[in-house]
Amino acid sequence: MEESSANSPVDEPSRQGLSFDLDVDICVIGGGLAGLTVALESARRGASVVVLDGRSIGWNASSHNLGTVMPGYGVAVSDLIERVGFEDARELWNLAQEGAEYVRATAAPMPGITLTEGALEVSKVDTGDELISRLQTLGEDFGATIEGWQTDRVREVLKTDRYFHAIHFPKAFQIDARTYVRGLAALAESAGVRIFEDTPVVGIDPAGIRKRLFTPSAKLRSTHVVLAGNAHLGAPSHRLTATLLPTWRYAALTEPLGDRLAEVIAFQGSVMDTHGIDHFRVVQGDRLLWCSPETTWQGDPRRYAKRIQNRIAAIFPKLGPVTVAESWSGMFGQTVHGMPQIGEVQPGLWVLSGFGRQGLNTTAMGGQLLARSIFAGDDRWRLFSPFELVWAGGAAGRVAGQAMDIWSRGHSAAAGALSRFRERARDRELAREYAREARIASAKAQASIARQHASAAMHDDRRGPGA
Ligand SMILES: Cc1cc2nc3c(=O)[nH]c(=O)nc-3n(C[C@H](O)[C@H](O)[C@H](O)COP(=O)(O)OP(=O)(O)OC[C@H]3O[C@@H](n4cnc5c(N)ncnc54)[C@H](O)[C@@H]3O)c2cc1C
């Protein structure tokens, strides 16, 4: 089936709000990918579970993402090793890999889901050494299924001089995000989870064994509370919300581009650059789904559609004019250290947020991990404890965050330009080398012809006139 357009009609609540008091084992605040997964996995273990969402299921980032399911986290694996050491980094990586496998197994049988395979992480700079070192760590040390692609191979499938070598993740895949969220909610409900939309949680009293929660029209009591509200959480824990830098990411879907798209982009999986700036894939045969700018305030997606058009033109000039059919944004919470917040902050009060721009596999991993922790005493969530809840800086943090983003984009653009310059210089040098060799070869050939003529003339002289 063709993917749904990520931004088709704004999600309206389709389930009722909570209007009566409830007593449950687990109350999950937030019906995005994270909240729905922990709810489903807890209900499968026999718990009575309720999910409360202030708006509707997956109305924000969880339905409006690009649907690329990758292994790992949004932080470089070298940073992870530096922070927690090799063994724990490998275990964290394995958990994230399990998260991706969970999404595959859960999504594949869902009605309306078609998986497309493979993702390519392309480098904007010509630094082969880095590629080799990452291939070594991910492939040999962490056991990830990956391939290194040289620049020529990348440019066979992506007709641009902006990209150099790449890491191919053949086991990464794509799904339609909105269909997945809805499928997850349906699975959770059939496992016994009660979901209430249009039900903001406005307060919590987390003291005691039975925690109390308050919504505008009802009160709840619950043994466990999971805070899965992302950077939208607000009143239930302003302190937790303050540890996330809200970041809006903008995306656009082009009008159909016809056969010219396949001539320029022949790779059918997702493509993202190593600097985390552009992320795109082909959908519905001949349309481009493209995600690029980020802001730490909520901007008008129509304004950013033009920026996305310009990025497409800059990276794929051979594509010619491209018209954007739809544009939208989604907000995710970014932690200071870049890793998700997963764990128990006080007995019975759990946090599951901060999944950043790589949330599909990590929310699945976090949701499963918390359910296993609550019901089976799995304490591997402690692997996340070196990544503490750190204040993200409030309004000042947003300005700093934006400055960092502009800096990294500028830095990446400069690094890319430098690599392309080096490549052109190398081409020019090679051309000069060829020309020099051709001149030497031609001079040698001429000298040899001249020698042959001279020797023939000497021969003739020796034989004398009339010979
Ligand atoms: C444009 C874009 C593209 C992306 N592309 C990808 C991609 O290709 N691959 C990938 O892995 N990740 C991607 N991501 C990231 C991914 O979408 C997110 O990390 C993930 O959806 C976060 O899920 P979540 O459940 O934590 O949060 P959310 O989806 O934000 O859900 C939180 C929910 O909690 C509810 N809530 C909050 N507070 C309360 C409260 N007090 N009471 C009741 N309800 C509350 C909200 O209403 C909301 O529905 C992308 C993100 C964006 C924005």
# chains A, B, ... in the order shown; residues from 1 in each chain; ligands from 1
call {"tool": "residues_near_ligand", "arguments": {"ligand": "ligand 1", "cutoff": "6 Å", "atoms": "only C-alpha atoms and all ligand atoms", "output": "ChimeraX atom specification"}}
result
/A:29-35,52-62,64-69,199-202,228-230,232-234,236,249-251,329-332,353,355-361
call {"tool": "select_by_dssp", "arguments": {"residues": "range 265-312 of chain A", "states": "helix (DSSP H, G or I)", "output": "JSON list (two decimals) with N, CA and C atoms, in the first residue's frame"}}
result
[["chain", "number", "residue", "atom", "x", "y", "z"],
["A", 301, "PRO", "N", 5.56, 26.02, 9.39],
["A", 301, "PRO", "CA", 6.16, 25.03, 8.46],
["A", 301, "PRO", "C", 6.17, 25.52, 7.01],
["A", 302, "ARG", "N", 5.19, 26.37, 6.62],
["A", 302, "ARG", "CA", 5.17, 26.83, 5.22],
["A", 302, "ARG", "C", 6.42, 27.64, 4.90],
["A", 303, "ARG", "N", 6.87, 28.39, 5.93],
["A", 303, "ARG", "CA", 8.08, 29.19, 5.72],
["A", 303, "ARG", "C", 9.30, 28.29, 5.50],
["A", 304, "TYR", "N", 9.30, 27.18, 6.24],
["A", 304, "TYR", "CA", 10.46, 26.28, 6.14],
["A", 304, "TYR", "C", 10.40, 25.38, 4.90],
["A", 305, "ALA", "N", 9.19, 25.31, 4.29],
["A", 305, "ALA", "CA", 9.07, 24.52, 3.05],
["A", 305, "ALA", "C", 10.00, 25.07, 1.99],
["A", 306, "LYS", "N", 10.11, 26.40, 1.94],
["A", 306, "LYS", "CA", 10.98, 27.06, 0.96],
["A", 306, "LYS", "C", 12.44, 26.66, 1.22],
["A", 307, "ARG", "N", 12.80, 26.61, 2.52],
["A", 307, "ARG", "CA", 14.18, 26.23, 2.88],
["A", 307, "ARG", "C", 14.46, 24.80, 2.43],
["A", 308, "ILE", "N", 13.45, 23.94, 2.59],
["A", 308, "ILE", "CA", 13.64, 22.53, 2.19],
["A", 308, "ILE", "C", 13.80, 22.46, 0.67],
["A", 309, "GLN", "N", 12.97, 23.24, -0.04],
["A", 309, "GLN", "CA", 13.09, 23.29, -1.51],
["A", 309, "GLN", "C", 14.51, 23.70, -1.90],
["A", 310, "ASN", "N", 15.04, 24.70, -1.20],
["A", 310, "ASN", "CA", 16.40, 25.17, -1.51],
["A", 310, "ASN", "C", 17.45, 24.10, -1.21],
["A", 311, "ARG", "N", 17.24, 23.33, -0.12],
["A", 311, "ARG", "CA", 18.20, 22.26, 0.21],
["A", 311, "ARG", "C", 18.18, 21.20, -0.89],
["A", 312, "ILE", "N", 16.97, 20.85, -1.34],
["A", 312, "ILE", "CA", 16.87, 19.82, -2.38],
["A", 312, "ILE", "C", 17.61, 20.31, -3.64]]
call {"tool": "select_by_dssp", "arguments": {"residues": "range 283-407 of chain A", "states": "strand (DSSP E)", "output": "PyMOL selection string"}}
result
chain A and resi 283+287-295+324-334+341-346+349-353
call {"tool": "closest_residue", "arguments": {"among": "A:Val336, A:Thr106, A:Arg260, A:Leu80", "to": "Lys318 in chain A", "atoms": "only C-alpha atoms"}}
result
A:Arg260
call {"tool": "closest_residue", "arguments": {"among": "A:Ser123, A:Ser222, A:Thr243, A:Thr151", "to": "Val51 in chain A", "atoms": "only C-alpha atoms"}}
result
A:Ser222
call {"tool": "closest_residue", "arguments": {"among": "A:Leu289, A:Phe280, A:Ile146, A:Pro347", "to": "Ile209 in chain A", "atoms": "only C-alpha atoms"}}
result
A:Pro347
call {"tool": "closest_residue", "arguments": {"among": "A:Leu187, A:Gly192, A:Val271, A:Leu349", "to": "Ile204 in chain A", "atoms": "only C-alpha atoms"}}
result
A:Leu349
call {"tool": "atom_distance", "arguments": {"atom1": "CA of Val351 in chain A", "atom2": "CA of Pro13 in chain A"}}
result
24.6 Å
call {"tool": "residues_around", "arguments": {"residues": "Gln268 in chain A", "least_positions_apart": "3", "cutoff": "8 Å", "atoms": "only C-alpha atoms", "output": "short mmCIF file (atom, residue, chain, number, x, y, z; two decimals) with N, CA and C atoms, in the first residue's frame"}}
result
data_model
loop_
_atom_site.label_atom_id
_atom_site.label_comp_id
_atom_site.auth_asym_id
_atom_site.auth_seq_id
_atom_site.Cartn_x
_atom_site.Cartn_y
_atom_site.Cartn_z
N THR A 116 10.01 -0.85 3.88
CA THR A 116 11.05 -0.75 2.84
C THR A 116 12.39 -0.83 3.55
N GLU A 117 13.36 -1.43 2.88
CA GLU A 117 14.59 -1.79 3.58
C GLU A 117 15.76 -0.83 3.30
N GLY A 118 16.66 -0.75 4.26
CA GLY A 118 17.97 -0.11 4.07
C GLY A 118 18.02 1.39 4.37
N ILE A 265 17.91 9.91 -7.79
CA ILE A 265 17.96 9.17 -6.52
C ILE A 265 17.48 7.75 -6.80
N ARG A 281 13.77 10.40 1.95
CA ARG A 281 13.56 9.12 1.27
C ARG A 281 12.49 9.30 0.21
N VAL A 282 12.49 8.35 -0.72
CA VAL A 282 11.50 8.38 -1.80
C VAL A 282 10.25 7.67 -1.29
#
call {"tool": "closest_residue", "arguments": {"among": "A:Ala231, A:Ala325, A:Met70, A:Leu213", "to": "Pro256 in chain A", "atoms": "only C-alpha atoms"}}
result
A:Ala325
call {"tool": "closest_atom_pairs", "arguments": {"of": "range 151-254 of chain A", "to": "range 15-26 of chain A", "cutoff": "6 Å", "atoms": "only C-alpha atoms", "output": "tab-separated table"}}
result
residue	atom	partner	partner_atom	distance
A:Phe196	CA	A:Gly17	CA	5.1
A:Glu197	CA	A:Gly17	CA	5.1
A:Asp198	CA	A:Gly17	CA	5.1
A:Thr199	CA	A:Gly17	CA	5.3
A:Ser217	CA	A:Ser19	CA	5.2
A:Ala218	CA	A:Asp21	CA	5.1
A:Lys219	CA	A:Asp21	CA	4.9
A:Leu220	CA	A:Leu22	CA	4.8
A:Arg221	CA	A:Asp23	CA	4.8
A:Ser222	CA	A:Val24	CA	4.9
A:Thr223	CA	A:Asp25	CA	5.1
A:His224	CA	A:Ile26	CA	4.7
A:Val225	CA	A:Ile26	CA	5.7
call {"tool": "write_last_selection", "arguments": {"atoms": "N, CA and C atoms", "output": "PDB file, in the first residue's frame"}}
result
ATOM      1  N   PHE A 196      -7.421   7.136  26.984  1.00  0.00           N
ATOM      2  CA  PHE A 196      -8.312   8.313  27.027  1.00  0.00           C
ATOM      3  C   PHE A 196      -7.582   9.477  26.368  1.00  0.00           C
ATOM      4  N   GLU A 197      -8.246  10.081  25.395  1.00  0.00           N
ATOM      5  CA  GLU A 197      -7.662  11.256  24.731  1.00  0.00           C
ATOM      6  C   GLU A 197      -8.290  12.511  25.344  1.00  0.00           C
ATOM      7  N   ASP A 198      -7.766  13.659  24.926  1.00  0.00           N
ATOM      8  CA  ASP A 198      -8.307  14.922  25.416  1.00  0.00           C
ATOM      9  C   ASP A 198      -8.316  14.959  26.950  1.00  0.00           C
ATOM     10  N   THR A 199      -7.323  14.300  27.565  1.00  0.00           N
ATOM     11  CA  THR A 199      -7.278  14.182  29.026  1.00  0.00           C
ATOM     12  C   THR A 199      -5.887  14.579  29.544  1.00  0.00           C
ATOM     13  N   SER A 217     -11.231  16.400  34.873  1.00  0.00           N
ATOM     14  CA  SER A 217     -12.527  15.812  35.232  1.00  0.00           C
ATOM     15  C   SER A 217     -12.448  14.512  36.003  1.00  0.00           C
ATOM     16  N   ALA A 218     -11.253  14.101  36.417  1.00  0.00           N
ATOM     17  CA  ALA A 218     -11.187  12.823  37.125  1.00  0.00           C
ATOM     18  C   ALA A 218      -9.935  12.733  37.984  1.00  0.00           C
ATOM     19  N   LYS A 219      -9.969  11.757  38.925  1.00  0.00           N
ATOM     20  CA  LYS A 219      -8.783  11.470  39.757  1.00  0.00           C
ATOM     21  C   LYS A 219      -8.434   9.994  39.545  1.00  0.00           C
ATOM     22  N   LEU A 220      -7.139   9.706  39.628  1.00  0.00           N
ATOM     23  CA  LEU A 220      -6.718   8.307  39.478  1.00  0.00           C
ATOM     24  C   LEU A 220      -5.801   7.929  40.618  1.00  0.00           C
ATOM     25  N   ARG A 221      -5.767   6.615  40.910  1.00  0.00           N
ATOM     26  CA  ARG A 221      -4.773   6.073  41.826  1.00  0.00           C
ATOM     27  C   ARG A 221      -4.060   4.959  41.092  1.00  0.00           C
ATOM     28  N   SER A 222      -2.738   4.942  41.237  1.00  0.00           N
ATOM     29  CA  SER A 222      -1.970   3.988  40.451  1.00  0.00           C
ATOM     30  C   SER A 222      -0.698   3.592  41.201  1.00  0.00           C
ATOM     31  N   THR A 223      -0.300   2.312  41.063  1.00  0.00           N
ATOM     32  CA  THR A 223       0.925   1.862  41.746  1.00  0.00           C
ATOM     33  C   THR A 223       2.162   2.403  41.032  1.00  0.00           C
ATOM     34  N   HIS A 224       2.097   2.399  39.699  1.00  0.00           N
ATOM     35  CA  HIS A 224       3.219   2.924  38.913  1.00  0.00           C
ATOM     36  C   HIS A 224       2.721   4.034  37.995  1.00  0.00           C
ATOM     37  N   VAL A 225       3.539   5.056  37.854  1.00  0.00           N
ATOM     38  CA  VAL A 225       3.220   6.140  36.916  1.00  0.00           C
ATOM     39  C   VAL A 225       4.397   6.259  35.959  1.00  0.00           C
TER      40      VAL A 225
END
call {"tool": "closest_residue", "arguments": {"among": "A:Gly72, A:Leu261, A:Ile132, A:Ser78", "to": "Ala172 in chain A", "atoms": "only C-alpha atoms"}}
result
A:Gly72
call {"tool": "atom_distance", "arguments": {"atom1": "CA of Val345 in chain A", "atom2": "CA of Trp297 in chain A"}}
result
28.4 Å
call {"tool": "atom_distance", "arguments": {"atom1": "CA of Phe387 in chain A", "atom2": "CA of Ala242 in chain A"}}
result
15.2 Å
